[in-house]
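Please read the structure below before turning to the comments.
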Amino acid sequence: MSKGKEGLKASYIHSSIDESLQRLQTDYVDLYQSHVDDESTPLEETLTAYDKLIKAGKVRMIGASNYSGARLTEALEASRALGVAEYVTLQPSYNLHTRENYETDLAPVVAKYGLSVIPYRALGSGFLTGKYKSVSDIKGSQREVLLSREGYFDARGEKILTKLADIAAEANASQAAVALAWLLTQPGIVSPIASARTPEQLNSLFEAAKLELTPSALKQLTEASAY
């Protein structure tokens, strides 16, 4: 983001929504999110600014993304103490491979406050689709840095891919659909965020919404991806 167009200060929040509404050619947005926590700005300032936008009809709901469990709890409690709008959604990085941080730090907060979770990287940047079988497959791709940094191609990652392939074959479904179907069964998850570049990839996303994995399949996937 350019200078002055970052953080969660009230002035930036107000100017940003007006610019967004103009670009989108609409009067309001359904969900307005804090993409990254801003510890340099008081939570009270940020949340009060959001509350004013909701009362003005420019925003319907607010959500948080990339917050720690402790900061998310602090924000929710601040909203209740102030009597202003509070976060109703959480957008964390969470998928069949990347589980530990969400399940240990964020899931308890989600359960306590009844948040709706819309996880990003739901397909592990393409890893869970089976598109990449080894590190050599990502050389030169747009995903190379991310997948390498996140450590997808280790023994655990290989175990996950093997089990995904087995379950997909049994269910006569794509690996992407199976990975998303598993995610949809997890507590608090309402809508995984996944991208598609082709009609075929898009179909696998629609497929996931209708796919009902057996208890055995869910258990096998959970065990294969355990830390």
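Ordering of the structure tokens sets the chain letters (A, B, ...); residue numbers start at 1 within each chain; ligands are numbered from 1 in the order shown.
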
Taking only residues of region 53-161 of chain A that have an atom at most 12 Å from an atom of region 210-221 of chain A, what is each one's shortest atom pair and its distance in Å to one decimal, using only C-alpha atoms, in chain and number order, as CSV?
```
residue,atom,partner,partner_atom,distance
A:Asn95,CA,A:Leu221,CA,11.5
A:Leu96,CA,A:Leu221,CA,7.9
A:His97,CA,A:Leu221,CA,10.0
A:Leu128,CA,A:Leu221,CA,11.8
A:Arg156,CA,A:Leu221,CA,11.8
A:Gly157,CA,A:Leu221,CA,11.8
A:Lys159,CA,A:Leu221,CA,9.6
A:Ile160,CA,A:Leu221,CA,7.2
A:Leu161,CA,A:Leu221,CA,9.6
```

Output C-alpha atoms of each residue in that selection to a file, as a short mmCIF file (atom, residue, chain, number, x, y, z; two decimals), in the first residue's frame.
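Final output, part_35.cif:
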```
data_model
loop_
_atom_site.label_atom_id
_atom_site.label_comp_id
_atom_site.auth_asym_id
_atom_site.auth_seq_id
_atom_site.Cartn_x
_atom_site.Cartn_y
_atom_site.Cartn_z
CA ASN A 95 -6.62 -25.38 5.53
CA LEU A 96 -6.04 -29.12 5.76
CA HIS A 97 -2.28 -28.53 5.90
CA LEU A 128 -3.97 -29.36 -1.79
CA ARG A 156 3.66 -34.53 6.57
CA GLY A 157 2.72 -32.71 3.38
CA LYS A 159 1.22 -37.85 3.72
CA ILE A 160 -1.64 -35.37 3.32
CA LEU A 161 -1.47 -35.48 -0.48
#
```

Find the nearest atom pair between each residue of region 54-105 of chain A and region 4-14 of chain A for residues within 12 Å, count only C-alpha atoms, give distances in Å to one decimal, sort rows by chain and ascending number, and present the table as a Markdown table.
```
| residue | atom | partner | partner_atom | distance |
| --- | --- | --- | --- | --- |
| A:Ile54 | CA | A:His14 | CA | 11.2 |
| A:Ala56 | CA | A:His14 | CA | 11.0 |
| A:Lys58 | CA | A:His14 | CA | 9.9 |
| A:Val59 | CA | A:His14 | CA | 10.9 |
| A:Ile62 | CA | A:Ile13 | CA | 11.8 |
| A:Ala64 | CA | A:Leu8 | CA | 11.3 |
```

Residue nearest Phe127 (chain A) among A:Leu31, A:Ala179, A:Val109, A:Ala78 (counting only C-alpha atoms):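 Ranked by minimum distance to Phe127 (chain A), first place goes to A:Ala179.
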
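As for CA of Ile189 (chain A) and CA of Glu86 (chain A), they are spaced 18.5 Å apart.
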
Residues of chain A in alpha helix (DSSP H), written as a VMD selection string: chain A and resid 10 to 24 43 to 55 69 to 82 100 to 101 107 to 113 144 to 149 155 to 171 175 to 184 199 to 210 215 to 224

As JSON, numbers by chain, please: every residue in region 38-208 of chain A that a backbone DSSP assignment puts in strand (DSSP E or B). {"A": [59, 60, 61, 62, 63, 64, 65, 89, 90, 91, 93, 116, 117, 120, 189]}

Nearest residue to Leu115 (chain A) out of A:Leu24, A:Val190, A:Ala49, A:Ala173, using only C-alpha atoms?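 With only C-alpha atoms as the atom set, the closest residue is A:Val190.
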
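Nearest residue to Ala70 (chain A) among A:Thr104, A:Ser16, A:Thr46, A:Ser174 is A:Thr104, counting only C-alpha atoms.
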
Given only C-alpha atoms as the basis, pick out the residue of A:Ala226, A:Met61, A:Ala208, A:Leu184 nearest to Tyr28 (chain A).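 Once distances to Tyr28 (chain A) are computed over only C-alpha atoms, the minimum belongs to A:Met61.
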
note - CA of Asp154 (chain A) and CA of Tyr227 (chain A) are separated by 11.9 Å

Between A:Ala181, A:Val84, A:Val117, A:Ala75, which is the closest to Glu39 (chain A) once you count only C-alpha atoms? A:Ala75

I'd like the contact shell of Gly188 (chain A) - 8 Å cut-off, only C-alpha atoms, skipping same-chain residues fewer than 4 positions apart - returned as a PDB file with C-alpha atoms, in the first residue's frame.
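The result, stored in around00.pdb:
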```
ATOM      1  CA  ALA A 107     -10.732 -21.540  17.334  1.00  0.00           C
ATOM      2  CA  VAL A 110     -14.395 -18.237  17.558  1.00  0.00           C
ATOM      3  CA  ALA A 111     -16.356 -20.672  19.709  1.00  0.00           C
ATOM      4  CA  GLY A 114     -19.782 -17.151  17.904  1.00  0.00           C
ATOM      5  CA  LEU A 115     -17.768 -15.751  15.004  1.00  0.00           C
ATOM      6  CA  SER A 116     -18.187 -16.900  11.408  1.00  0.00           C
ATOM      7  CA  VAL A 117     -14.905 -17.983   9.825  1.00  0.00           C
TER       8      VAL A 117
END
```

Choose the residue, out of A:Asp105, A:Glu74, A:Val29, A:Ala85, that has the smallest atom-to-atom separation from Lys55 (chain A); count only C-alpha atoms.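 For Lys55 (chain A), the nearest of the given residues is A:Ala85.
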
Could you please determine the separation between CA of Tyr120 (chain A) and CA of Leu202 (chain A) in Å, to one decimal place?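 Straight-line distance from CA of Tyr120 (chain A) to CA of Leu202 (chain A) works out to 16.1 Å.
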
If we count only C-alpha atoms and set the cut-off at 9 Å, which residues sit around Asn66 (chain A), ignoring sequence neighbours fewer than 5 positions away in its own chain? Please answer as a list in words. Ser34, His35, Val36, Asp37, Leu90, Gln91, Pro92 and Ser93 of chain A
